[in-house]
$ cat protein.cif   # mmCIF, C-alpha atoms
data_query
loop_
_atom_site.label_atom_id
_atom_site.label_comp_id
_atom_site.auth_asym_id
_atom_site.auth_seq_id
_atom_site.Cartn_x
_atom_site.Cartn_y
_atom_site.Cartn_z
CA MET A 27 -154.02 17.80 45.37
CA ARG A 28 -151.83 14.68 45.44
CA LYS A 29 -153.75 11.56 46.22
CA HIS A 30 -152.45 9.75 49.36
CA LYS A 31 -151.01 6.35 48.61
CA HIS A 32 -152.23 3.57 50.89
CA LEU A 33 -149.46 1.99 52.98
CA ASP A 34 -151.51 -1.17 53.61
CA PHE A 35 -151.09 -3.98 51.21
CA GLU A 36 -152.83 -7.29 50.75
CA ILE A 37 -151.09 -10.63 50.65
CA ASN A 38 -152.63 -13.32 48.57
CA LEU A 39 -152.97 -16.13 51.09
CA ILE A 40 -154.23 -18.78 48.69
CA PRO A 41 -150.74 -19.86 47.45
CA CYS A 42 -149.57 -20.05 51.08
CA ILE A 43 -152.46 -22.38 51.88
CA ASP A 44 -151.69 -24.46 48.80
CA LEU A 45 -148.04 -24.74 49.78
CA LEU A 46 -148.80 -25.64 53.39
CA SER A 47 -151.40 -28.21 52.34
CA THR A 48 -148.91 -29.86 49.98
CA CYS A 49 -146.29 -29.89 52.75
CA ILE A 50 -148.74 -31.44 55.22
CA CYS A 51 -149.79 -34.13 52.73
CA PHE A 52 -146.16 -35.02 51.94
CA LEU A 53 -145.11 -35.08 55.59
CA LEU A 54 -148.13 -37.14 56.63
CA LEU A 55 -147.45 -39.68 53.89
CA THR A 56 -143.76 -40.00 54.74
CA ALA A 57 -144.11 -39.75 58.52
CA VAL A 58 -142.47 -42.46 60.63
CA TRP A 59 -144.49 -42.81 63.79
CA LEU A 60 -142.42 -45.57 65.36
CA HIS A 61 -138.82 -44.54 65.94
CA VAL A 62 -136.79 -47.72 65.78
CA GLY A 63 -133.23 -47.69 67.07
CA ALA A 64 -130.57 -50.30 67.67
CA MET A 65 -128.84 -51.62 70.75
CA ASN A 66 -125.34 -52.50 69.59
CA VAL A 67 -123.59 -55.56 70.91
CA LYS A 68 -120.12 -56.80 70.04
CA GLN A 69 -119.77 -60.54 69.74
CA ALA A 70 -116.62 -62.62 69.92
CA VAL A 71 -116.06 -64.51 66.69
CA GLY A 72 -112.74 -66.06 67.70
CA GLY A 73 -109.56 -66.02 65.68
CA GLN A 74 -107.41 -64.08 68.16
CA PRO A 75 -105.41 -66.00 70.77
CA ALA A 76 -106.50 -65.26 74.36
CA GLU A 77 -103.01 -64.15 75.42
CA GLU A 78 -102.98 -61.46 72.70
CA THR A 79 -106.21 -59.91 73.90
CA ALA A 80 -105.65 -56.89 76.13
CA LYS A 81 -106.95 -57.46 79.66
CA LYS A 82 -109.58 -54.89 80.52
CA PRO A 83 -111.82 -54.71 83.58
CA LEU A 84 -115.13 -56.33 82.82
CA VAL A 85 -118.25 -57.40 84.58
CA TRP A 86 -120.12 -60.63 83.92
CA VAL A 87 -123.83 -60.52 84.61
CA ASN A 88 -125.57 -63.83 85.13
CA MET A 89 -129.31 -63.57 84.84
CA GLY A 90 -131.37 -65.89 87.01
CA ALA A 91 -134.69 -67.43 86.12
CA THR A 92 -136.60 -65.31 88.68
CA GLY A 93 -134.98 -61.96 87.95
CA GLU A 94 -131.95 -62.20 90.20
CA LEU A 95 -128.67 -60.89 88.83
CA THR A 96 -125.17 -61.94 89.81
CA LEU A 97 -122.41 -59.51 88.97
CA ASP A 98 -118.87 -60.83 88.76
CA VAL A 99 -116.18 -58.17 88.30
CA GLN A 100 -113.01 -59.48 86.68
CA GLU A 101 -109.59 -58.18 85.63
CA THR A 102 -109.61 -55.39 88.19
CA GLY A 103 -107.24 -54.43 90.98
CA ARG A 104 -109.23 -51.52 92.35
CA VAL A 105 -112.48 -53.18 93.29
CA PRO A 106 -112.24 -54.86 96.73
CA VAL A 107 -112.56 -58.64 96.67
CA LYS A 108 -115.81 -58.58 98.69
CA LEU A 109 -117.42 -56.38 96.00
CA ARG A 110 -116.33 -58.50 93.07
CA LYS A 111 -119.31 -60.81 93.40
CA ILE A 112 -122.60 -59.07 93.99
CA LYS A 113 -126.07 -60.57 93.96
CA ILE A 114 -129.07 -58.40 93.18
CA THR A 115 -132.41 -59.94 93.94
CA GLY A 116 -135.23 -59.56 91.46
CA ARG A 117 -138.49 -57.71 91.91
CA ASP A 118 -141.74 -59.38 90.82
CA GLY A 119 -139.79 -61.94 88.82
CA LYS A 120 -137.95 -59.24 86.86
CA PRO A 121 -134.47 -57.78 87.32
CA ASN A 122 -134.24 -54.84 89.72
CA HIS A 123 -132.87 -52.15 87.41
CA ALA A 124 -132.71 -49.42 90.08
CA ASP A 125 -130.44 -51.55 92.28
CA LEU A 126 -128.42 -52.59 89.24
CA ALA A 127 -127.85 -48.93 88.30
CA THR A 128 -126.73 -48.09 91.86
CA THR A 129 -124.35 -51.05 91.95
CA VAL A 130 -122.83 -50.20 88.59
CA GLN A 131 -122.38 -46.59 89.73
CA GLU A 132 -120.49 -47.83 92.82
CA LEU A 133 -118.32 -50.14 90.74
CA ARG A 134 -117.57 -47.37 88.23
CA GLY A 135 -116.63 -45.11 91.15
CA LEU A 136 -114.05 -47.67 92.30
CA GLU A 137 -112.91 -48.69 88.80
CA PRO A 138 -113.47 -45.81 86.34
CA SER A 139 -112.03 -47.81 83.43
CA LEU A 140 -114.78 -50.41 83.77
CA ALA A 141 -116.60 -50.14 80.45
CA THR A 142 -117.25 -53.74 79.40
CA ALA A 143 -120.16 -55.92 80.43
CA LEU A 144 -121.01 -59.42 79.29
CA ILE A 145 -124.51 -60.66 79.85
CA GLN A 146 -125.22 -64.34 80.35
CA PRO A 147 -128.98 -64.89 80.12
CA THR A 148 -130.79 -68.12 80.85
CA GLY A 149 -133.06 -69.84 78.36
CA VAL A 150 -136.15 -68.34 80.01
CA SER A 151 -134.82 -64.77 80.16
CA ALA A 152 -137.11 -62.40 78.29
CA TYR A 153 -135.61 -60.39 75.45
CA GLU A 154 -136.95 -57.13 76.95
CA ASP A 155 -135.17 -57.83 80.26
CA ILE A 156 -131.87 -58.30 78.43
CA ILE A 157 -132.38 -55.05 76.52
CA GLU A 158 -133.32 -53.22 79.71
CA ILE A 159 -130.13 -54.42 81.42
CA MET A 160 -128.11 -53.22 78.42
CA ASP A 161 -129.91 -49.87 78.58
CA THR A 162 -129.08 -49.52 82.30
CA PHE A 163 -125.43 -50.34 81.59
CA LYS A 164 -125.25 -47.79 78.79
CA LYS A 165 -126.79 -45.13 81.02
CA GLU A 166 -124.10 -45.82 83.62
CA GLY A 167 -121.24 -45.69 81.11
CA LEU A 168 -120.66 -49.37 80.30
CA ILE A 169 -120.60 -49.03 76.55
CA ASP A 170 -118.96 -52.26 75.38
CA LEU A 171 -121.64 -54.87 75.75
CA GLY A 172 -121.84 -58.50 74.79
CA VAL A 173 -124.34 -61.32 75.10
CA ALA A 174 -123.11 -64.84 75.68
CA PRO A 175 -124.90 -67.72 73.97
CA LEU A 176 -126.35 -70.49 76.13
CA MET B 18 -175.33 -14.16 39.74
CA LEU B 19 -176.38 -15.20 43.22
CA ALA B 20 -179.80 -13.67 42.95
CA ASN B 21 -181.86 -16.81 42.77
CA THR B 22 -179.42 -19.47 43.86
CA VAL B 23 -179.44 -21.62 46.94
CA VAL B 24 -176.12 -20.05 47.93
CA LYS B 25 -177.76 -16.67 48.15
CA GLN B 26 -180.39 -18.02 50.49
CA SER B 27 -178.06 -20.06 52.65
CA ALA B 28 -175.02 -17.73 52.77
CA LEU B 29 -174.27 -16.45 56.22
CA PRO B 30 -172.58 -13.21 56.99
CA GLY B 31 -169.04 -13.65 58.29
CA ILE B 32 -168.45 -13.66 62.03
CA LEU B 33 -165.86 -10.95 61.67
CA GLY B 34 -167.15 -9.68 58.39
CA SER B 35 -165.96 -6.20 58.96
CA SER B 36 -162.38 -7.25 59.78
CA SER B 37 -161.69 -9.88 57.14
CA VAL B 38 -158.04 -10.81 56.93
CA LEU B 39 -158.23 -11.17 53.22
CA ALA B 40 -159.11 -7.51 53.00
CA PRO B 41 -157.34 -5.52 55.71
CA ARG B 42 -159.39 -2.53 54.77
CA GLY B 43 -162.50 -4.59 55.27
CA GLY B 44 -163.70 -2.13 57.83
CA GLU B 45 -164.25 0.33 55.08
CA ARG B 46 -166.49 -2.07 53.24
CA THR B 47 -170.12 -1.35 53.52
CA LYS B 48 -171.45 -3.36 50.65
CA LYS B 49 -172.64 -6.83 51.61
CA THR B 50 -171.39 -9.48 49.22
CA GLY B 51 -173.70 -12.25 50.26
CA SER B 52 -170.94 -14.84 50.69
CA ALA B 53 -169.36 -16.09 53.93
CA ASP B 54 -165.94 -14.75 54.89
CA LEU B 55 -163.26 -17.13 56.06
CA LEU B 56 -160.70 -16.14 58.62
CA LEU B 57 -157.65 -17.45 56.79
CA THR B 58 -154.99 -16.41 59.30
CA ALA B 59 -156.26 -18.95 61.82
CA LEU B 60 -156.18 -21.62 59.12
CA ILE B 61 -152.61 -20.73 58.16
CA ASP B 62 -151.59 -20.74 61.85
CA ALA B 63 -153.01 -24.23 62.28
CA PHE B 64 -151.34 -25.42 59.07
CA SER B 65 -148.00 -23.94 60.12
CA ILE B 66 -148.16 -25.68 63.52
CA LEU B 67 -148.97 -28.96 61.77
CA VAL B 68 -146.06 -28.54 59.34
CA ILE B 69 -143.63 -27.74 62.20
CA PHE B 70 -144.81 -30.76 64.21
CA LEU B 71 -144.53 -33.08 61.21
CA LEU B 72 -141.10 -31.70 60.29
CA MET B 73 -139.87 -32.34 63.83
CA SER B 74 -140.99 -35.96 63.69
CA PHE B 75 -139.70 -36.40 60.14
CA SER B 76 -137.12 -39.12 59.67
CA SER B 77 -134.88 -38.99 56.64
CA THR B 78 -133.93 -42.66 57.01
CA GLY B 79 -137.47 -43.85 56.53
CA GLU B 80 -138.79 -47.11 57.88
CA LEU B 81 -136.05 -49.69 57.78
CA LEU B 82 -138.01 -52.34 59.62
CA VAL B 83 -141.54 -53.52 59.18
CA VAL B 84 -142.96 -54.35 62.58
CA GLY B 85 -145.65 -56.96 62.14
CA LYS B 86 -149.06 -56.99 63.73
CA GLY B 87 -148.87 -58.27 67.28
CA GLN B 88 -145.12 -57.76 67.45
CA GLU B 89 -143.78 -55.32 70.03
CA LEU B 90 -140.17 -54.31 70.08
CA PRO B 91 -138.47 -53.73 73.45
CA LYS B 92 -137.93 -50.12 74.51
CA ALA B 93 -134.59 -48.49 75.21
CA ALA B 94 -133.47 -44.95 75.94
CA ARG B 95 -129.81 -45.25 74.92
CA ALA B 96 -130.26 -46.80 71.52
CA ASP B 97 -128.25 -45.82 68.47
CA MET B 98 -129.58 -45.00 65.05
CA LEU B 99 -130.65 -47.99 63.01
CA GLU B 100 -128.90 -48.55 59.69
CA ARG B 101 -129.57 -50.98 56.90
CA PHE B 102 -127.81 -54.29 57.53
CA PRO B 103 -128.82 -57.92 56.99
CA LEU B 104 -131.91 -58.60 59.05
CA VAL B 105 -132.91 -61.69 60.97
CA LYS B 106 -136.49 -61.59 62.17
CA ILE B 107 -137.94 -63.86 64.82
CA ASP B 108 -141.70 -64.10 64.53
CA GLU B 109 -143.76 -66.63 66.51
CA GLY B 110 -140.76 -68.90 66.92
CA ARG B 111 -139.92 -68.85 63.21
CA TYR B 112 -136.75 -67.37 61.75
CA PHE B 113 -136.65 -65.11 58.70
CA VAL B 114 -133.40 -64.00 57.07
CA GLU B 115 -134.17 -61.00 54.85
CA GLU B 116 -137.85 -62.04 54.81
CA ARG B 117 -136.99 -65.62 53.76
CA GLU B 118 -138.00 -68.27 56.24
CA VAL B 119 -135.24 -70.59 57.36
CA SER B 120 -135.00 -73.29 59.97
CA SER B 121 -132.80 -72.80 63.04
CA ASP B 122 -130.33 -75.31 61.56
CA GLY B 123 -130.17 -73.42 58.28
CA LEU B 124 -129.35 -70.05 59.85
CA VAL B 125 -125.56 -70.40 59.60
CA ALA B 126 -125.71 -71.45 55.94
CA GLU B 127 -128.05 -68.57 55.09
CA LEU B 128 -125.87 -66.03 56.89
CA LEU B 129 -122.75 -67.41 55.18
CA SER B 130 -124.43 -67.07 51.80
CA LEU B 131 -125.29 -63.45 52.65
CA ARG B 132 -121.66 -62.91 53.51
CA GLU B 133 -120.54 -64.44 50.22
CA LYS B 134 -122.99 -62.28 48.28
CA TRP B 135 -121.62 -59.19 50.03
CA ARG B 136 -118.06 -60.18 49.11
CA GLU B 137 -119.02 -60.62 45.46
CA MET B 138 -120.69 -57.21 45.39
CA HIS B 139 -117.88 -55.41 47.28
CA PRO B 140 -114.60 -57.00 46.14
CA GLY B 141 -111.55 -55.90 48.13
CA GLU B 142 -113.60 -54.31 50.91
CA GLU B 143 -113.59 -55.47 54.49
CA PHE B 144 -116.74 -57.29 55.55
CA PRO B 145 -118.54 -55.17 58.18
CA GLY B 146 -120.08 -58.23 59.87
CA VAL B 147 -123.11 -56.43 61.25
CA LEU B 148 -126.44 -58.13 61.73
CA THR B 149 -129.78 -56.70 62.86
CA ILE B 150 -132.09 -58.86 64.96
CA GLN B 151 -135.77 -58.03 65.20
CA ALA B 152 -137.85 -59.89 67.75
CA ASP B 153 -140.84 -59.43 70.00
CA ARG B 154 -140.03 -58.15 73.48
CA ARG B 155 -141.54 -61.28 75.12
CA VAL B 156 -139.40 -63.76 73.19
CA LYS B 157 -137.32 -66.04 75.40
CA TYR B 158 -133.59 -66.13 74.98
CA GLU B 159 -133.59 -69.84 74.15
CA ILE B 160 -135.25 -68.88 70.84
CA MET B 161 -132.82 -66.03 70.19
CA ASN B 162 -129.83 -68.14 71.11
CA SER B 163 -129.81 -69.87 67.69
CA VAL B 164 -129.42 -66.51 65.95
CA VAL B 165 -126.69 -65.31 68.35
CA LEU B 166 -124.77 -68.56 67.86
CA ALA B 167 -125.27 -68.58 64.09
CA SER B 168 -124.10 -64.97 63.77
CA SER B 169 -120.87 -65.78 65.61
CA GLN B 170 -120.29 -68.86 63.49
CA ALA B 171 -120.94 -66.96 60.26
CA GLY B 172 -118.50 -64.19 61.20
CA PHE B 173 -120.95 -61.45 62.15
CA SER B 174 -119.15 -59.75 65.03
CA GLU B 175 -121.68 -57.03 65.74
CA ILE B 176 -125.34 -57.49 66.50
CA LYS B 177 -127.87 -54.68 66.47
CA PHE B 178 -130.99 -55.48 68.45
CA ALA B 179 -133.91 -53.50 67.06
CA VAL B 180 -135.62 -51.47 69.78
CA VAL B 181 -138.15 -48.70 70.02
CA MET B 182 -136.64 -45.43 71.23
CA LYS B 183 -138.10 -44.30 74.57
#
$ encode --input "protein.cif" --output "C-alpha cells"
Amino acid sequence: MRKHKHLDFEINLIPCIDLLSTCICFLLLTAVWLHVGAMNVKQAVGGQPAEETAKKPLVWVNMGATGELTLDVQETGRVPVKLRKIKITGRDGKPNHADLATTVQELRGLEPSLATALIQPTGVSAYEDIIEIMDTFKKEGLIDLGVAPL
Amino acid sequence: MLANTVVKQSALPGILGSSSVLAPRGGERTKKTGSADLLLTALIDAFSILVIFLLMSFSSTGELLVVGKGQELPKAARADMLERFPLVKIDEGRYFVEEREVSSDGLVAELLSLREKWREMHPGEEFPGVLTIQADRRVKYEIMNSVVLASSQAGFSEIKFAVVMK
C-alpha cells in the first residue's frame, strides 16, 4: 500500500514576524507625523522696466484691520466697471473666506484669464489669515500669488 | 523538562488549542504539551495593518523643518511639496537665518552672504532665489514684513511659506 502524502503544509511564521517587527520599528522611527508643505509666492525683485512687463489681468486684495477685504481688479476689459472694486466685510474680525471664494468664482467666470492676485496686508494682519486667503485663491484657480510689503 | 518548573504550574491551555495556526493539523493532536499556544495569524494581521498604515504615512523627504515647541504653522489645503532651500525662521519676534540669529537690520546682509556662498558652490549656474519662511500662525505681518522686504532686496524672487497640509 502506498502511503498518502499530506497536501497540507506548515509555514514557519517566525521569520515573517521578525520581518514585520523590523519594518514596524524602522517605519516608526522614520515616520513624519507633521506633513509640512509650502505656499509659493512670487515676489518682484525689480530689474525689468514696467513697459516691458506683459499686462495680465490681476486682482489686488487689500486686507483691513478688522477682516474686511477690498478687491480691485485691474488690467481687464471683461469685468464690468462696477465689479472692479468689491468690498467683502469680515466675520468675527477675520476675513470671510466663503464670500471671497464666491466673489473670485464670479470674477473668474467673467475673466477666465484672471490668474494673478497680489495681497496687501496691514501690519496687524495675522499670518494665518494671509495664508488662508492664498489657499482660497489657489482653490479658485488664482495660481500666481504675491504679497506686497508694507 | 517542565516537570517541576513554575512554567508547568502556571501554563494555561491555549484558547484554540486544538486549532493552532502553527500546526494546521493541530486537531489531530491529542497529547497536551503543557505550554500556551499563540494564535500567530492574528498577530501577523495586526502587524501587516500597522506596516501598511506606516508605509502610507511614510515620507521619503524626511523632516525638513523643525517646528519648535509652542510654534504652530498655518494650515493650507493647496500647498506644494516643501524642498530644501535657505530658511528664515521667525520665533517670538526674533529672526533666524539657517538657525543663526540675526537682527531685522542684518537680514539683507545675511541673505546676500547666503547668495554669495551659493554662487561660490555652484559656479556658472543660475541662482534659484528661493527662500523658505517659517513662522507661527499668529505672527503679525509687521514682523514678517522685514523678511519679505529683505528677500526682495537680496534677490530672492520666490518665497515659500511653510504650512501644515490640511
$ closest_residue --input "protein.cif" --among "A:Lys68, A:Arg134, A:Arg110, A:Arg117" --to "A:Glu94" --atoms "all atoms listed in the file"
A:Arg117
$ residues_around --input "protein.cif" --residues "B:Met98" --least-positions-apart "5" --cutoff "10 Å" --atoms "all atoms listed in the file" --output "PyMOL selection string"
(chain A and resi 61-66) or (chain B and resi 78+177+179+182)
$ interface_residues --input "protein.cif" --of "chain A" --to "chain B" --cutoff "8 Å" --atoms "all atoms listed in the file" --output "PyMOL selection string"
chain A and resi 34-39+42-43+46-47+49-50+53-54+56-71+147-154+157-158+161+164-165+175-176
$ write_last_selection --input "protein.cif" --atoms "C-alpha atoms" --output "PDB file, in the frame of the given file"
ATOM      1  CA  ASP A  34    -151.510  -1.170  53.610  1.00  0.00           C
ATOM      2  CA  PHE A  35    -151.090  -3.980  51.210  1.00  0.00           C
ATOM      3  CA  GLU A  36    -152.830  -7.290  50.750  1.00  0.00           C
ATOM      4  CA  ILE A  37    -151.090 -10.630  50.650  1.00  0.00           C
ATOM      5  CA  ASN A  38    -152.630 -13.320  48.570  1.00  0.00           C
ATOM      6  CA  LEU A  39    -152.970 -16.130  51.090  1.00  0.00           C
ATOM      7  CA  CYS A  42    -149.570 -20.050  51.080  1.00  0.00           C
ATOM      8  CA  ILE A  43    -152.460 -22.380  51.880  1.00  0.00           C
ATOM      9  CA  LEU A  46    -148.800 -25.640  53.390  1.00  0.00           C
ATOM     10  CA  SER A  47    -151.400 -28.210  52.340  1.00  0.00           C
ATOM     11  CA  CYS A  49    -146.290 -29.890  52.750  1.00  0.00           C
ATOM     12  CA  ILE A  50    -148.740 -31.440  55.220  1.00  0.00           C
ATOM     13  CA  LEU A  53    -145.110 -35.080  55.590  1.00  0.00           C
ATOM     14  CA  LEU A  54    -148.130 -37.140  56.630  1.00  0.00           C
ATOM     15  CA  THR A  56    -143.760 -40.000  54.740  1.00  0.00           C
ATOM     16  CA  ALA A  57    -144.110 -39.750  58.520  1.00  0.00           C
ATOM     17  CA  VAL A  58    -142.470 -42.460  60.630  1.00  0.00           C
ATOM     18  CA  TRP A  59    -144.490 -42.810  63.790  1.00  0.00           C
ATOM     19  CA  LEU A  60    -142.420 -45.570  65.360  1.00  0.00           C
ATOM     20  CA  HIS A  61    -138.820 -44.540  65.940  1.00  0.00           C
ATOM     21  CA  VAL A  62    -136.790 -47.720  65.780  1.00  0.00           C
ATOM     22  CA  GLY A  63    -133.230 -47.690  67.070  1.00  0.00           C
ATOM     23  CA  ALA A  64    -130.570 -50.300  67.670  1.00  0.00           C
ATOM     24  CA  MET A  65    -128.840 -51.620  70.750  1.00  0.00           C
ATOM     25  CA  ASN A  66    -125.340 -52.500  69.590  1.00  0.00           C
ATOM     26  CA  VAL A  67    -123.590 -55.560  70.910  1.00  0.00           C
ATOM     27  CA  LYS A  68    -120.120 -56.800  70.040  1.00  0.00           C
ATOM     28  CA  GLN A  69    -119.770 -60.540  69.740  1.00  0.00           C
ATOM     29  CA  ALA A  70    -116.620 -62.620  69.920  1.00  0.00           C
ATOM     30  CA  VAL A  71    -116.060 -64.510  66.690  1.00  0.00           C
ATOM     31  CA  PRO A 147    -128.980 -64.890  80.120  1.00  0.00           C
ATOM     32  CA  THR A 148    -130.790 -68.120  80.850  1.00  0.00           C
ATOM     33  CA  GLY A 149    -133.060 -69.840  78.360  1.00  0.00           C
ATOM     34  CA  VAL A 150    -136.150 -68.340  80.010  1.00  0.00           C
ATOM     35  CA  SER A 151    -134.820 -64.770  80.160  1.00  0.00           C
ATOM     36  CA  ALA A 152    -137.110 -62.400  78.290  1.00  0.00           C
ATOM     37  CA  TYR A 153    -135.610 -60.390  75.450  1.00  0.00           C
ATOM     38  CA  GLU A 154    -136.950 -57.130  76.950  1.00  0.00           C
ATOM     39  CA  ILE A 157    -132.380 -55.050  76.520  1.00  0.00           C
ATOM     40  CA  GLU A 158    -133.320 -53.220  79.710  1.00  0.00           C
ATOM     41  CA  ASP A 161    -129.910 -49.870  78.580  1.00  0.00           C
ATOM     42  CA  LYS A 164    -125.250 -47.790  78.790  1.00  0.00           C
ATOM     43  CA  LYS A 165    -126.790 -45.130  81.020  1.00  0.00           C
ATOM     44  CA  PRO A 175    -124.900 -67.720  73.970  1.00  0.00           C
ATOM     45  CA  LEU A 176    -126.350 -70.490  76.130  1.00  0.00           C
TER      46      LEU A 176
END
$ axis_aligned_box --input "protein.cif" --around "stretch 98-116 of chain A" --padding-each-side "4 Å" --output "lines of an AutoDock Vina configuration file"
center_x = -121.2
center_y = -56.2
center_z = 92.2
size_x = 36.0
size_y = 17.3
size_z = 21.1
$ atom_distance --input "protein.cif" --atom1 "atom CA of A:Ile169" --atom2 "atom CA of A:Leu84"
11.1 Å
$ atom_distance --input "protein.cif" --atom1 "atom CA of A:Pro138" --atom2 "atom CA of A:Thr102"
10.5 Å
$ resolve_selection --input "protein.cif" --expression "the PyMOL selection byres ((chain A and resi 100) around 10)" --output "number ranges by chain"
A: 81-86, 97-99, 101-103, 105, 110-111, 140
$ atom_distance --input "protein.cif" --atom1 "atom CA of A:Ile145" --atom2 "atom CA of A:His123"
14.1 Å
$ decode --input "protein.cif" --residues "stretch 130-146 of chain B" --atoms "N, CA and C atoms" --output "PDB file, in the first residue's frame"
ATOM      1  N   SER B 130      24.880  87.153   1.871  1.00  0.00           N
ATOM      2  CA  SER B 130      26.023  86.254   2.067  1.00  0.00           C
ATOM      3  C   SER B 130      25.656  84.811   1.703  1.00  0.00           C
ATOM      4  N   LEU B 131      24.406  84.431   1.968  1.00  0.00           N
ATOM      5  CA  LEU B 131      23.934  83.098   1.554  1.00  0.00           C
ATOM      6  C   LEU B 131      23.975  82.976   0.033  1.00  0.00           C
ATOM      7  N   ARG B 132      23.575  84.059  -0.609  1.00  0.00           N
ATOM      8  CA  ARG B 132      23.561  84.080  -2.070  1.00  0.00           C
ATOM      9  C   ARG B 132      24.983  83.942  -2.626  1.00  0.00           C
ATOM     10  N   GLU B 133      25.903  84.665  -1.985  1.00  0.00           N
ATOM     11  CA  GLU B 133      27.306  84.604  -2.417  1.00  0.00           C
ATOM     12  C   GLU B 133      27.880  83.200  -2.235  1.00  0.00           C
ATOM     13  N   LYS B 134      27.541  82.603  -1.087  1.00  0.00           N
ATOM     14  CA  LYS B 134      28.014  81.236  -0.808  1.00  0.00           C
ATOM     15  C   LYS B 134      27.498  80.276  -1.873  1.00  0.00           C
ATOM     16  N   TRP B 135      26.234  80.454  -2.243  1.00  0.00           N
ATOM     17  CA  TRP B 135      25.630  79.575  -3.259  1.00  0.00           C
ATOM     18  C   TRP B 135      26.369  79.738  -4.589  1.00  0.00           C
ATOM     19  N   ARG B 136      26.688  80.983  -4.928  1.00  0.00           N
ATOM     20  CA  ARG B 136      27.390  81.241  -6.202  1.00  0.00           C
ATOM     21  C   ARG B 136      28.771  80.594  -6.221  1.00  0.00           C
ATOM     22  N   GLU B 137      29.448  80.647  -5.063  1.00  0.00           N
ATOM     23  CA  GLU B 137      30.777  80.022  -4.975  1.00  0.00           C
ATOM     24  C   GLU B 137      30.684  78.503  -5.129  1.00  0.00           C
ATOM     25  N   MET B 138      29.625  77.939  -4.568  1.00  0.00           N
ATOM     26  CA  MET B 138      29.476  76.475  -4.622  1.00  0.00           C
ATOM     27  C   MET B 138      28.929  75.988  -5.962  1.00  0.00           C
ATOM     28  N   HIS B 139      28.195  76.840  -6.671  1.00  0.00           N
ATOM     29  CA  HIS B 139      27.610  76.447  -7.967  1.00  0.00           C
ATOM     30  C   HIS B 139      28.018  77.454  -9.039  1.00  0.00           C
ATOM     31  N   PRO B 140      29.311  77.474  -9.422  1.00  0.00           N
ATOM     32  CA  PRO B 140      29.722  78.476 -10.420  1.00  0.00           C
ATOM     33  C   PRO B 140      29.064  78.210 -11.778  1.00  0.00           C
ATOM     34  N   GLY B 141      28.624  79.291 -12.413  1.00  0.00           N
ATOM     35  CA  GLY B 141      28.018  79.181 -13.745  1.00  0.00           C
ATOM     36  C   GLY B 141      26.546  78.818 -13.729  1.00  0.00           C
ATOM     37  N   GLU B 142      26.010  78.501 -12.578  1.00  0.00           N
ATOM     38  CA  GLU B 142      24.583  78.131 -12.517  1.00  0.00           C
ATOM     39  C   GLU B 142      23.748  79.344 -12.132  1.00  0.00           C
ATOM     40  N   GLU B 143      22.494  79.301 -12.592  1.00  0.00           N
ATOM     41  CA  GLU B 143      21.613  80.428 -12.282  1.00  0.00           C
ATOM     42  C   GLU B 143      21.092  80.306 -10.849  1.00  0.00           C
ATOM     43  N   PHE B 144      21.118  81.414 -10.144  1.00  0.00           N
ATOM     44  CA  PHE B 144      20.687  81.420  -8.745  1.00  0.00           C
ATOM     45  C   PHE B 144      19.171  81.205  -8.670  1.00  0.00           C
ATOM     46  N   PRO B 145      18.709  80.180  -7.945  1.00  0.00           N
ATOM     47  CA  PRO B 145      17.252  79.927  -7.925  1.00  0.00           C
ATOM     48  C   PRO B 145      16.457  81.007  -7.185  1.00  0.00           C
ATOM     49  N   GLY B 146      17.063  81.635  -6.209  1.00  0.00           N
ATOM     50  CA  GLY B 146      16.400  82.737  -5.488  1.00  0.00           C
ATOM     51  C   GLY B 146      15.140  82.311  -4.746  1.00  0.00           C
TER      52      GLY B 146
END
